[in-house]
Every structure is written in structure tokens, then in C-alpha cells.
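**Q** Structure provided below as C-alpha cells; questions to follow.
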Amino acid sequence: MNTLVIDASIAIKWVVAEDSTPEALVLRQKAKLIAPDLLVAECANIFWKKVQRGELLKAEALLGARLLQGAEIELLPTGSLFETATRVSIEIDHPAYDCLYLVLAVERKCQFVTADERFLQTNAFCVSCIRADNIHFATEQFR
């Protein structure tokens, strides 16, 4: 089974219906999923924002958090990625927390799947990145 790095924009789709949710759900069956442990904080923040915006009820956000807590994602410490993520973020002028996912993918020699359009536009050169709407591409190669 191949390994993919996912970010919070993908994990959230497993518990909140959004564009590309069906494709994101397929990843859970087709690949081993890994992420920097930052994923936990980012998902918690997304749930908070969705409650603040009235997109989710508090109970729905808490259920989503509980479900994601049990998801099969190998969470890896970010400490060893710190310097490289800092360098990459400065070089591409993009927030370091997003670059942690990219650096992890490069370090592990696997692809990075995201639905973060801003990140993808900033990193059009990124050969390790897969758009959420192209998840079928990532999963097709694992058959």
C-alpha cells in the first residue's frame, strides 16, 4: 500500500460534507495516510471556525473531532521538519504550517494531497502535490 501525506483540508472532508468529500473518503481505503501532528490543531481550528460561522453546531463539531481522532492517520512529530519547512516557507513566501506537509511528503518520498487552492496556486511547481479534485489520480495508481 502506498503512502500519502494529507492535510486538514482533506481530513475535514471525511466528517463534513464539502466539495470532493467522496474522493477524500476513497483515500482512506486506497493508501496509508500520514500527516504532521500539526493536523490535530488545524482540524480543531477548522471546527471552531465552522461553529463561529454557523456552518456547524457545537455538537456536530465535537462529533467530527471524535471521529477524526479515531481515523487511521499516522501522525508524525514536526520537530525534524522545522528547519526545512522554515526555509521552504521563506523561499516560496507561504505560511510554514502548510509547508510542513510538503516537506514531510518530500522527506518520505510520497505525494501530498490537499484541497487548499491557495497553497496549490502558490506551489504550481510542486510535483509532490495532488489537488483534491484529482484524488482519483492518486488512488488509481494504487490499484
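Convention: chains lettered A, B, ... in C-alpha cells order; per-chain residue numbering from 1; ligands numbered from 1 as shown.
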Write out as a PyMOL selection string all residues of chain A that DSSP puts in strand (DSSP E or B) for this structure's backbone.
**A** chain A and resi 3-6+32-36+74-76+111-114+129-131
**Q** Give me every alpha helix (DSSP H) residue in region 82-111 of chain A, going by DSSP on the backbone, as a PyMOL selection string.
**A** chain A and resi 82-92+96-108
**Q** So which one's closest to Ile12 (chain A), A:Ala96, A:Ala115, A:Leu81, A:Leu75? Using only C-alpha atoms, please.
**A**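 Checking each candidate against Ile12 (chain A), we get A:Ala115 as the closest.
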**Q** Where does region 49-99 of chain A meet region 33-42 of chain A within 9 Å, residue by residue, with the nearest atom pair and distance in Å to one decimal for each, counting only C-alpha atoms, listed by chain and rising number, as JSON lines?
**A**
```
{"residue": "A:Ala65", "atom": "CA", "partner": "A:Val40", "partner_atom": "CA", "distance": 8.9}
{"residue": "A:Leu68", "atom": "CA", "partner": "A:Val40", "partner_atom": "CA", "distance": 8.7}
{"residue": "A:Gln69", "atom": "CA", "partner": "A:Val40", "partner_atom": "CA", "distance": 8.2}
{"residue": "A:Glu72", "atom": "CA", "partner": "A:Leu33", "partner_atom": "CA", "distance": 7.2}
{"residue": "A:Ile73", "atom": "CA", "partner": "A:Leu33", "partner_atom": "CA", "distance": 5.1}
{"residue": "A:Glu74", "atom": "CA", "partner": "A:Ile34", "partner_atom": "CA", "distance": 4.6}
{"residue": "A:Leu75", "atom": "CA", "partner": "A:Asp37", "partner_atom": "CA", "distance": 4.8}
{"residue": "A:Leu76", "atom": "CA", "partner": "A:Pro36", "partner_atom": "CA", "distance": 4.7}
{"residue": "A:Pro77", "atom": "CA", "partner": "A:Asp37", "partner_atom": "CA", "distance": 5.5}
{"residue": "A:Thr78", "atom": "CA", "partner": "A:Pro36", "partner_atom": "CA", "distance": 5.7}
{"residue": "A:Leu81", "atom": "CA", "partner": "A:Pro36", "partner_atom": "CA", "distance": 8.9}
{"residue": "A:Tyr97", "atom": "CA", "partner": "A:Leu38", "partner_atom": "CA", "distance": 7.7}
```
**Q** Would you save the residues of that selection, restricted to N, CA and C atoms, as a PDB file, in the first residue's frame?
**A**
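Contents of out_34.pdb, as written:
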```pdb
ATOM      1  N   ALA A  65     -14.688  15.937  15.583  1.00  0.00           N
ATOM      2  CA  ALA A  65     -13.384  15.817  16.233  1.00  0.00           C
ATOM      3  C   ALA A  65     -13.185  14.405  16.777  1.00  0.00           C
ATOM      4  N   LEU A  68     -12.526  12.045  13.810  1.00  0.00           N
ATOM      5  CA  LEU A  68     -11.169  12.208  13.265  1.00  0.00           C
ATOM      6  C   LEU A  68     -10.110  11.682  14.222  1.00  0.00           C
ATOM      7  N   GLN A  69     -10.373  11.801  15.510  1.00  0.00           N
ATOM      8  CA  GLN A  69      -9.422  11.296  16.496  1.00  0.00           C
ATOM      9  C   GLN A  69      -9.217   9.794  16.327  1.00  0.00           C
ATOM     10  N   GLU A  72      -7.568   6.511  10.919  1.00  0.00           N
ATOM     11  CA  GLU A  72      -6.265   5.873  10.726  1.00  0.00           C
ATOM     12  C   GLU A  72      -5.331   6.787   9.939  1.00  0.00           C
ATOM     13  N   ILE A  73      -4.747   7.714  10.671  1.00  0.00           N
ATOM     14  CA  ILE A  73      -3.739   8.623  10.130  1.00  0.00           C
ATOM     15  C   ILE A  73      -2.531   8.520  11.052  1.00  0.00           C
ATOM     16  N   GLU A  74      -1.397   8.217  10.496  1.00  0.00           N
ATOM     17  CA  GLU A  74      -0.191   8.195  11.310  1.00  0.00           C
ATOM     18  C   GLU A  74       0.290   9.630  11.470  1.00  0.00           C
ATOM     19  N   LEU A  75       0.245  10.119  12.694  1.00  0.00           N
ATOM     20  CA  LEU A  75       0.672  11.488  12.986  1.00  0.00           C
ATOM     21  C   LEU A  75       2.140  11.473  13.382  1.00  0.00           C
ATOM     22  N   LEU A  76       2.923  12.288  12.685  1.00  0.00           N
ATOM     23  CA  LEU A  76       4.364  12.303  12.894  1.00  0.00           C
ATOM     24  C   LEU A  76       4.803  13.633  13.498  1.00  0.00           C
ATOM     25  N   PRO A  77       5.778  13.594  14.392  1.00  0.00           N
ATOM     26  CA  PRO A  77       6.245  14.835  15.023  1.00  0.00           C
ATOM     27  C   PRO A  77       6.859  15.785  14.012  1.00  0.00           C
ATOM     28  N   THR A  78       6.668  17.069  14.252  1.00  0.00           N
ATOM     29  CA  THR A  78       7.131  18.086  13.308  1.00  0.00           C
ATOM     30  C   THR A  78       8.550  18.573  13.596  1.00  0.00           C
ATOM     31  N   LEU A  81      11.180  18.434  10.953  1.00  0.00           N
ATOM     32  CA  LEU A  81      10.815  19.141   9.720  1.00  0.00           C
ATOM     33  C   LEU A  81      10.985  20.660   9.855  1.00  0.00           C
ATOM     34  N   TYR A  97       3.277  26.520   8.332  1.00  0.00           N
ATOM     35  CA  TYR A  97       2.498  25.347   8.744  1.00  0.00           C
ATOM     36  C   TYR A  97       2.041  24.536   7.544  1.00  0.00           C
TER      37      TYR A  97
END
```
**Q** Using only C-alpha atoms, which residue out of A:Val103, A:Cys43, A:Cys110, A:Val15 lies closest to Leu67 (chain A)?
**A** A:Val15
**Q** Could you list, as a compact mmCIF listing (two decimals) with C-alpha atoms, in the first residue's frame, every residue within 12 Å of Ala59 (chain A), counting only C-alpha atoms and ignoring same-chain residues fewer than 4 positions away?
**A**
```
# COMPACT_ATOMS: atom_id res chain seq x y z
CA PHE A 47 -14.14 23.02 13.55
CA TRP A 48 -14.00 26.18 15.69
CA LYS A 50 -17.20 26.41 11.24
CA VAL A 51 -19.07 26.77 14.55
CA GLU A 55 -21.75 26.20 9.42
CA LEU A 63 -18.59 14.60 16.91
CA GLY A 64 -16.38 15.39 13.93
CA ALA A 65 -13.38 15.82 16.23
CA ARG A 66 -14.14 12.49 17.92
```
**Q** Choose the residue, out of A:Leu120, A:Val106, A:Ala85, A:Val113, that has the smallest atom-to-atom separation from Ile10 (chain A); count only C-alpha atoms.
**A** A:Val113
**Q** Pick the closest to Ile46 (chain A) from A:Arg28, A:Lys13, A:His94, A:Arg118: which is it, counting only C-alpha atoms?
**A**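 Nearest to Ile46 (chain A): A:Lys13.
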**Q** For each of A:Leu100, A:Ala17, A:Ile92, A:Leu25, take the minimum atom-to-atom distance to Phe112 (chain A), counting only C-alpha atoms, then give the residue where this is smallest.
**A**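 Using only C-alpha atoms, the shortest distance to Phe112 (chain A) belongs to A:Leu100.
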**Q** Just give me the gap between CA of Phe119 (chain A) and CA of Ala11 (chain A) in Å, one decimal is fine.
**A** 16.1 Å
